[in-house]
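Undergrad: The following file, data.txt, comprises compact mmCIF, C-alpha atoms:
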```txt
# COMPACT_ATOMS: atom_id res chain seq x y z
CA MET A 13 4.89 -92.09 -39.27
CA LEU A 14 2.41 -90.48 -36.88
CA ALA A 15 -0.49 -91.18 -39.25
CA ILE A 16 0.54 -94.86 -39.39
CA LEU A 17 0.72 -95.05 -35.57
CA LEU A 18 -2.70 -93.47 -35.11
CA THR A 19 -4.17 -95.79 -37.74
CA GLN A 20 -2.80 -98.77 -35.82
CA VAL A 21 -4.30 -97.41 -32.60
CA ASN A 22 -7.71 -97.13 -34.27
CA VAL A 23 -7.49 -100.70 -35.56
CA TRP A 24 -6.61 -101.98 -32.10
CA LEU A 25 -9.49 -100.01 -30.61
CA ASP A 26 -11.84 -101.62 -33.12
CA VAL A 27 -10.60 -105.11 -32.26
CA VAL A 28 -10.60 -104.64 -28.48
CA PHE A 29 -13.94 -102.87 -28.12
CA THR A 30 -15.75 -105.12 -30.62
CA THR A 31 -14.47 -108.17 -28.73
CA VAL A 32 -15.51 -106.72 -25.36
CA TRP A 33 -18.97 -105.82 -26.68
CA LEU A 34 -19.51 -109.33 -28.10
CA LEU A 35 -18.38 -110.87 -24.81
CA VAL A 36 -20.81 -108.61 -22.93
CA LEU A 37 -23.66 -109.73 -25.22
CA VAL A 38 -22.88 -113.40 -24.57
CA ALA A 39 -22.27 -112.88 -20.84
CA PHE A 40 -25.60 -111.17 -20.23
CA PHE A 41 -28.03 -112.29 -22.93
CA VAL A 42 -26.97 -115.94 -22.76
CA VAL A 43 -25.09 -116.72 -19.53
CA HIS A 44 -26.81 -114.32 -17.11
CA LEU A 45 -30.31 -114.68 -18.52
CA PHE A 46 -30.45 -118.42 -19.27
CA VAL A 47 -27.42 -120.38 -18.03
CA LEU A 48 -27.61 -118.88 -14.54
CA GLY A 49 -31.20 -117.63 -14.54
CA ILE A 50 -32.90 -120.95 -15.27
CA PRO A 51 -31.16 -123.22 -12.69
CA THR A 52 -31.62 -120.64 -9.92
CA GLY A 53 -35.30 -120.25 -10.72
CA ARG A 54 -35.05 -116.51 -11.23
CA PHE A 55 -35.89 -116.76 -14.95
CA LYS A 56 -39.11 -118.69 -14.22
CA LYS A 57 -40.01 -116.40 -11.32
CA LYS A 58 -39.90 -113.30 -13.50
CA TRP A 59 -40.85 -114.37 -17.00
CA PHE A 60 -43.47 -117.03 -16.18
CA LEU A 61 -44.73 -116.18 -12.69
CA HIS A 62 -44.40 -112.42 -13.32
CA GLU A 63 -42.89 -111.76 -9.89
CA TRP A 64 -41.09 -108.50 -10.65
CA PRO A 65 -39.72 -105.97 -8.15
CA LYS A 66 -42.32 -103.78 -6.50
CA HIS A 67 -41.95 -99.99 -6.53
CA ASP A 68 -42.91 -97.39 -3.97
CA TRP A 69 -42.50 -94.49 -6.43
CA ALA A 70 -42.69 -93.69 -10.14
CA PRO A 71 -40.40 -91.27 -12.03
CA PRO A 72 -42.03 -87.88 -12.79
CA ALA A 73 -42.94 -87.11 -16.39
CA LEU A 74 -40.20 -84.54 -17.06
CA PRO A 75 -37.18 -86.72 -16.11
CA LYS A 76 -38.72 -89.58 -18.11
CA PHE A 77 -39.04 -87.29 -21.14
CA MET A 78 -35.44 -86.13 -20.79
CA HIS A 79 -34.27 -89.72 -20.36
CA PHE A 80 -36.16 -90.89 -23.43
CA GLN A 81 -34.92 -87.95 -25.49
CA HIS A 82 -31.37 -88.62 -24.30
CA LEU A 83 -31.64 -92.31 -25.19
CA ALA A 84 -32.92 -91.55 -28.70
CA MET A 85 -30.20 -88.96 -29.40
CA MET A 86 -27.44 -91.19 -27.98
CA GLY A 87 -28.64 -93.93 -30.34
CA LEU A 88 -28.37 -91.53 -33.29
CA LEU A 89 -24.93 -90.41 -32.14
CA ALA A 90 -23.67 -93.98 -31.85
CA PHE A 91 -25.09 -94.93 -35.25
CA SER A 92 -23.82 -91.85 -37.09
CA GLY A 93 -20.46 -92.03 -35.28
CA MET A 94 -19.94 -95.64 -36.28
CA TYR A 95 -20.93 -94.79 -39.84
CA ILE A 96 -18.33 -92.02 -39.95
CA ARG A 97 -15.76 -94.60 -38.80
CA PHE A 98 -17.13 -97.39 -41.06
CA PRO A 99 -19.18 -95.94 -43.97
CA PHE A 100 -21.23 -99.08 -44.70
CA PHE A 101 -23.16 -97.44 -47.56
CA ASP A 102 -22.06 -94.87 -50.13
CA GLY A 103 -22.87 -91.18 -50.21
CA GLY A 104 -23.97 -90.72 -46.61
CA ARG A 105 -20.93 -89.24 -44.91
CA THR A 106 -22.01 -85.58 -45.15
CA ALA A 107 -25.57 -86.32 -44.04
CA MET A 108 -24.29 -88.43 -41.16
CA ARG A 109 -21.97 -85.68 -40.00
CA TYR A 110 -24.85 -83.19 -39.86
CA LEU A 111 -27.02 -85.77 -38.08
CA HIS A 112 -24.18 -86.23 -35.59
CA TYR A 113 -23.90 -82.49 -34.98
CA VAL A 114 -27.66 -82.01 -34.49
CA ALA A 115 -27.95 -84.99 -32.14
CA ALA A 116 -24.90 -83.82 -30.21
CA PHE A 117 -26.41 -80.35 -29.79
CA ILE A 118 -29.67 -81.82 -28.47
CA VAL A 119 -27.77 -84.08 -26.07
CA GLY A 120 -25.78 -81.08 -24.84
CA VAL A 121 -28.94 -79.06 -24.18
CA ASN A 122 -30.53 -82.07 -22.51
CA TYR A 123 -27.42 -82.61 -20.36
CA PHE A 124 -27.46 -79.11 -18.88
CA TRP A 125 -31.27 -79.19 -18.61
CA ARG A 126 -31.01 -82.36 -16.53
CA LEU A 127 -28.32 -80.80 -14.31
CA TRP A 128 -30.57 -77.78 -13.77
CA TYR A 129 -33.45 -80.07 -12.90
CA ALA A 130 -31.27 -82.07 -10.48
CA PHE A 131 -29.86 -79.09 -8.59
CA PHE A 132 -32.21 -76.10 -9.00
CA SER A 133 -35.76 -77.19 -9.85
CA LYS A 134 -38.51 -77.64 -7.26
CA GLU A 135 -38.23 -81.40 -7.75
CA ARG A 136 -34.41 -81.40 -7.55
CA ASP A 137 -33.17 -84.94 -7.09
CA TYR A 138 -29.37 -84.69 -6.99
CA LYS A 139 -29.29 -86.41 -3.60
CA GLU A 140 -30.76 -89.53 -5.19
CA PHE A 141 -27.54 -89.96 -7.16
CA ALA A 142 -25.14 -89.31 -4.29
CA ILE A 143 -23.24 -92.40 -3.15
CA THR A 144 -23.62 -92.64 0.62
CA LYS A 145 -22.14 -94.84 3.32
CA LYS A 146 -25.28 -96.98 3.19
CA ASP A 147 -24.76 -97.48 -0.55
CA LEU A 148 -21.16 -98.59 -0.03
CA GLN A 149 -22.25 -101.00 2.68
CA SER A 150 -24.82 -102.49 0.31
CA MET A 151 -22.43 -102.82 -2.65
CA LEU A 152 -21.37 -106.40 -1.90
CA GLY A 153 -24.99 -107.50 -1.46
CA VAL A 154 -26.06 -105.89 -4.74
CA ALA A 155 -23.14 -107.48 -6.60
CA MET A 156 -23.92 -110.89 -5.09
CA TYR A 157 -27.54 -110.56 -6.22
CA TYR A 158 -26.62 -109.73 -9.80
CA PHE A 159 -24.09 -112.58 -9.92
CA TYR A 160 -26.67 -115.07 -8.56
CA LEU A 161 -24.79 -115.59 -5.31
CA SER A 162 -27.77 -114.27 -3.33
CA ASN A 163 -31.51 -113.97 -3.89
CA LYS A 164 -31.80 -110.79 -1.85
CA LYS A 165 -30.87 -107.38 -3.26
CA PRO A 166 -30.36 -104.63 -0.65
CA HIS A 167 -32.52 -101.60 -1.32
CA VAL A 168 -31.51 -98.50 0.60
CA ALA A 169 -32.59 -95.78 -1.85
CA LYS A 170 -34.49 -95.20 -5.09
CA TYR A 171 -31.43 -96.38 -7.02
CA ASN A 172 -29.04 -99.09 -5.88
CA VAL A 173 -25.34 -98.39 -5.62
CA MET A 174 -24.52 -99.97 -9.00
CA GLN A 175 -27.09 -97.74 -10.69
CA LYS A 176 -25.73 -94.65 -8.96
CA ILE A 177 -22.15 -95.43 -10.00
CA THR A 178 -23.28 -95.96 -13.59
CA TYR A 179 -25.36 -92.77 -13.75
CA ASP A 180 -22.59 -90.68 -12.18
CA LEU A 181 -20.07 -92.20 -14.60
CA PHE A 182 -22.39 -91.33 -17.49
CA ALA A 183 -22.41 -87.69 -16.38
CA VAL A 184 -18.59 -87.54 -16.39
CA LEU A 185 -18.23 -89.39 -19.70
CA MET A 186 -20.83 -87.12 -21.30
CA LEU A 187 -18.71 -84.10 -20.44
CA VAL A 188 -15.55 -85.76 -21.79
CA GLN A 189 -17.38 -86.80 -24.95
CA GLY A 190 -18.77 -83.32 -25.50
CA LEU A 191 -15.41 -81.58 -25.07
CA THR A 192 -13.50 -84.03 -27.27
CA GLY A 193 -16.24 -83.82 -29.89
CA ILE A 194 -15.99 -80.03 -29.99
CA ALA A 195 -12.19 -80.40 -30.21
CA LEU A 196 -12.64 -82.25 -33.51
CA LEU A 197 -14.05 -79.14 -35.20
CA THR A 198 -11.34 -77.36 -37.20
CA GLN A 199 -13.36 -74.62 -38.93
CA PRO A 200 -12.39 -71.10 -37.72
CA ILE A 201 -15.57 -69.72 -36.13
CA LEU A 202 -14.37 -67.70 -33.12
CA PHE A 203 -12.10 -64.70 -33.83
CA GLY A 204 -10.41 -66.68 -36.57
CA LEU A 205 -9.82 -69.65 -34.27
CA SER A 206 -11.32 -73.12 -34.54
CA PRO A 207 -12.89 -74.90 -31.55
CA ARG A 208 -9.91 -77.26 -31.63
CA GLU A 209 -7.47 -74.37 -31.29
CA VAL A 210 -9.50 -72.81 -28.47
CA LEU A 211 -9.72 -76.04 -26.47
CA LEU A 212 -6.32 -77.56 -27.25
CA GLY A 213 -4.15 -74.63 -28.33
CA TRP A 214 -2.81 -74.14 -24.80
CA LEU A 215 -1.35 -77.66 -24.71
CA PRO A 216 2.37 -78.11 -25.46
CA GLY A 217 3.23 -79.58 -28.84
CA SER A 218 1.22 -79.80 -32.03
CA VAL A 219 -2.46 -78.89 -32.02
CA ALA A 220 -2.95 -81.42 -34.81
CA LEU A 221 -1.45 -84.16 -32.61
CA ALA A 222 -3.65 -83.15 -29.66
CA GLY A 223 -6.65 -83.23 -31.99
CA ALA A 224 -5.73 -86.73 -33.15
CA TRP A 225 -5.65 -87.98 -29.58
CA ALA A 226 -8.92 -86.17 -28.87
CA ARG A 227 -10.41 -88.17 -31.74
CA ILE A 228 -9.12 -91.42 -30.22
CA ILE A 229 -10.58 -90.53 -26.81
CA HIS A 230 -13.87 -89.53 -28.45
CA TYR A 231 -14.06 -92.83 -30.34
CA SER A 232 -13.14 -94.84 -27.25
CA VAL A 233 -15.81 -93.15 -25.14
CA ASN A 234 -18.31 -93.84 -27.91
CA TRP A 235 -17.57 -97.55 -27.52
CA ILE A 236 -17.74 -97.31 -23.73
CA PHE A 237 -21.20 -95.78 -24.07
CA ILE A 238 -22.29 -98.57 -26.41
CA ILE A 239 -21.14 -101.22 -23.93
CA LEU A 240 -22.61 -99.50 -20.86
CA VAL A 241 -25.94 -98.81 -22.58
CA THR A 242 -26.10 -102.45 -23.71
CA VAL A 243 -25.71 -103.61 -20.09
CA HIS A 244 -28.08 -100.91 -18.81
CA MET A 245 -30.83 -101.84 -21.27
CA TYR A 246 -30.42 -105.54 -20.58
CA LEU A 247 -30.69 -105.08 -16.81
CA ALA A 248 -33.59 -102.63 -17.19
CA VAL A 249 -35.60 -105.29 -19.04
CA ALA A 250 -34.33 -108.52 -17.48
CA GLU A 251 -34.42 -107.27 -13.89
CA ASP A 252 -37.39 -104.89 -13.99
CA LEU A 253 -39.58 -105.21 -17.07
CA PRO A 254 -42.60 -103.32 -15.60
CA CYS A 255 -40.45 -100.24 -14.99
CA SER A 256 -39.15 -100.41 -18.58
CA LEU A 257 -42.69 -100.70 -19.96
CA ASP A 258 -43.69 -97.68 -17.87
CA PHE A 259 -40.70 -95.74 -19.22
CA PHE A 260 -41.85 -96.27 -22.81
CA GLY A 261 -45.48 -95.51 -21.93
CA ILE A 262 -46.65 -99.07 -22.67
CA LYS A 263 -48.00 -99.98 -19.23
CA LYS A 264 -48.39 -97.85 -16.12
CA LEU A 265 -46.24 -98.86 -13.16
CA THR A 266 -48.09 -100.16 -10.12
CA ILE A 267 -47.06 -98.37 -6.93
CA TYR A 268 -46.78 -100.09 -3.54
CA PRO A 269 -46.26 -97.40 -0.84
CA ASP A 270 -44.39 -99.67 1.60
CA ALA A 271 -42.66 -101.85 -0.97
CA TYR A 272 -39.13 -101.36 0.36
CA ALA A 273 -39.67 -100.71 4.04
CA HIS A 274 -38.55 -104.20 5.06
CA HIS A 275 -35.41 -103.94 2.92
CA ASP A 276 -34.29 -100.85 4.80
CA GLU A 277 -34.88 -102.58 8.13
CA GLU A 278 -32.96 -105.66 7.00
CA HIS A 279 -30.10 -103.50 5.79
CA GLU A 280 -29.98 -101.51 9.03
CA GLY A 281 -29.93 -104.76 10.97
CA ALA A 282 -27.17 -106.24 8.87
CA ALA A 283 -25.13 -103.03 9.11
CA GLY A 284 -25.59 -102.98 12.90
CA LEU A 285 -24.46 -106.60 13.25
CA ALA A 286 -21.42 -105.91 11.06
CA ALA A 287 -20.50 -102.85 13.16
CA ALA A 288 -20.94 -104.79 16.41
CA HIS A 289 -18.79 -107.60 15.08
CA ALA A 290 -16.07 -105.13 14.05
CA GLU A 291 -16.12 -103.55 17.53
CA GLY A 292 -15.86 -107.00 19.09
CA ASP A 293 -12.76 -107.71 17.02
```
Spell out the structure here as structure tokens.

TA:
Amino acid sequence: MLAILLTQVNVWLDVVFTTVWLLVLVAFFVVHLFVLGIPTGRFKKKWFLHEWPKHDWAPPALPKFMHFQHLAMMGLLAFSGMYIRFPFFDGGRTAMRYLHYVAAFIVGVNYFWRLWYAFFSKERDYKEFAITKKDLQSMLGVAMYYFYLSNKKPHVAKYNVMQKITYDLFAVLMLVQGLTGIALLTQPILFGLSPREVLLGWLPGSVALAGAWARIIHYSVNWIFIILVTVHMYLAVAEDLPCSLDFFGIKKLTIYPDAYAHHDEEHEGAAGLAAAHAEGD
């Protein structure tokens, strides 16, 4: 009975997440890029007039390397994970499992390496991902820009508030994905205990049942990553192609030292007017 229930859950997950992913593809690669981009002139401005955002900084080489390595390994994890769920060619399950394990190990090392870099290296940049009051005040403006309700995007830091939320969410989901992935291992390797028993053995009820739900969470997060990365890659190219080309080493990013100075002044002014209006009320 339990096996039947879990099978039904997996089928529903396939239907729901596949539908959401297809809707995201249509919403961004058709509606956002063409249906809204052409009438507003933003498509012509970027793709024909080459008026892309200007940058006052470029990412250092080490974070770019870690980002690229992470992207490549996440792609392998998604591919091998989907193959394990849907073996679309014969005889590859064992190889795909080992590929999954190796890629997961590299992602894990990269994850903690990036945390070390963010908090303890000389170039530590953890503050760049902190969501501040300024970010929250700019959230509506950033959302309006992406939804074509405004042609001005507030810029109050290296990353806008939507980017910060996404990157911080990635960090949390990575931890969840890593722990649930380890919980799927049932081979006894630690004092006669399997990783599943070590991680889930303290929970009430059956360890096998907890492992089954860990698998469902792991599979769901895999789909969430696929959807988020799809949106992230689309926006990285459609909203800032020069930065994407720089990331892949195709074309060096041009730096404008005072590129965003006026944005900060505009934002401060808007925030001050909003505060004054609130006090007047």

Undergrad: How far is it from CA of Lys58 (chain A) to CA of Leu45 (chain A), in Å with one decimal?

TA: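 If I compute the distance from CA of Lys58 (chain A) to CA of Leu45 (chain A), I get 10.9 Å.
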
Undergrad: Could you jot down the CA of Leu247 (chain A) to CA of Leu265 (chain A) separation for me, Å, one decimal place?

TA: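 If I compute the distance from CA of Leu247 (chain A) to CA of Leu265 (chain A), I get 17.1 Å.
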
Undergrad: With distances taken over all atoms listed in the file, which residue among A:Ala130, A:Ala115, A:Tyr160, A:Met245 lies nearest Gly53 (chain A)?

TA: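 Nearest candidate to Gly53 (chain A) out of A:Ala130, A:Ala115, A:Tyr160, A:Met245: A:Tyr160.
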
Undergrad: I need the residue nearest Tyr113 (chain A) from this list: A:Thr31, A:Ser92, A:Ser133, A:Thr198. Use all atoms listed in the file for the distance.

TA: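 Among the listed residues, the smallest separation from Tyr113 (chain A) belongs to A:Ser92.
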
Undergrad: What residues have an atom no more than 12 Å from (-24.0, -98.9, -11.2) in the file's own frame, counting all atoms listed in the file, and can you write them as a PyMOL selection string?

TA: chain A and resi 141-143+147-148+151+154-155+158+171-182+240-241+243-244+247-248

Undergrad: Could you please give me, as an MDAnalysis selection string, the residues of protein, DNA or RNA lying at most 12 Å from (-18.6, -92.7, -37.0) in the coordinate frame of the file, considering only C-alpha atoms?

TA: chainID A and resid 26 88:100 104:113 193 227:228 230:232 234:235

Undergrad: To one decimal place, how far is CA of Val219 (chain A) from CA of Leu197 (chain A) in Å?

TA: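 These two atoms are separated by 12.0 Å.
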
Undergrad: Pick out the closest residue to Ser256 (chain A) from this set: A:Trp33, A:Phe46, A:Phe55, A:Phe80. Count all atoms listed in the file.

TA: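 Comparing A:Trp33, A:Phe46, A:Phe55, A:Phe80 against Ser256 (chain A), the winner is A:Phe80.
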
Undergrad: Hey, what's within 9 Å of Cys255 (chain A) if we count only C-alpha atoms and toss same-chain stuff fewer than 3 positions away? As a PDB file with C-alpha atoms, keeping the file's coordinate frame, please?

TA:
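What ended up in part_15.pdb:
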```pdb
ATOM      1  CA  PRO A  65     -39.720-105.970  -8.150  1.00  0.00           C
ATOM      2  CA  HIS A  67     -41.950 -99.990  -6.530  1.00  0.00           C
ATOM      3  CA  ALA A  70     -42.690 -93.690 -10.140  1.00  0.00           C
ATOM      4  CA  ALA A 248     -33.590-102.630 -17.190  1.00  0.00           C
ATOM      5  CA  VAL A 249     -35.600-105.290 -19.040  1.00  0.00           C
ATOM      6  CA  ASP A 252     -37.390-104.890 -13.990  1.00  0.00           C
ATOM      7  CA  ASP A 258     -43.690 -97.680 -17.870  1.00  0.00           C
ATOM      8  CA  PHE A 259     -40.700 -95.740 -19.220  1.00  0.00           C
ATOM      9  CA  PHE A 260     -41.850 -96.270 -22.810  1.00  0.00           C
ATOM     10  CA  LYS A 263     -48.000 -99.980 -19.230  1.00  0.00           C
ATOM     11  CA  LYS A 264     -48.390 -97.850 -16.120  1.00  0.00           C
ATOM     12  CA  LEU A 265     -46.240 -98.860 -13.160  1.00  0.00           C
TER      13      LEU A 265
END
```

Undergrad: Point out the residue among A:Ala226, A:Pro71, A:Val43, A:Asn22 with the least atom-to-atom distance to Lys170 (chain A), counting all atoms listed in the file.

TA: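 Closest to Lys170 (chain A), using all atoms listed in the file: A:Pro71.
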
Undergrad: Using all atoms listed in the file, can you tell me which of A:Val168, A:Val119, A:Met156, A:Val114 comes closest to Gly190 (chain A)?

TA: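 Under the stated criterion, the closest residue is A:Val119.
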
Undergrad: Excluding Ile118 (chain A) and residues on its chain fewer than 5 positions from it, collect all residues at most 9 Å away from it, counting all atoms listed in the file, and give them as a ChimeraX atom specification.

TA: /A:81-82,85,113,123

Undergrad: How about saving the chosen residues, C-alpha atoms kept, as a compact mmCIF listing (two decimals), in the frame of the given file?

TA:
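Saved the output as result-v9.txt:
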```txt
# COMPACT_ATOMS: atom_id res chain seq x y z
CA GLN A 81 -34.92 -87.95 -25.49
CA HIS A 82 -31.37 -88.62 -24.30
CA MET A 85 -30.20 -88.96 -29.40
CA TYR A 113 -23.90 -82.49 -34.98
CA TYR A 123 -27.42 -82.61 -20.36
```
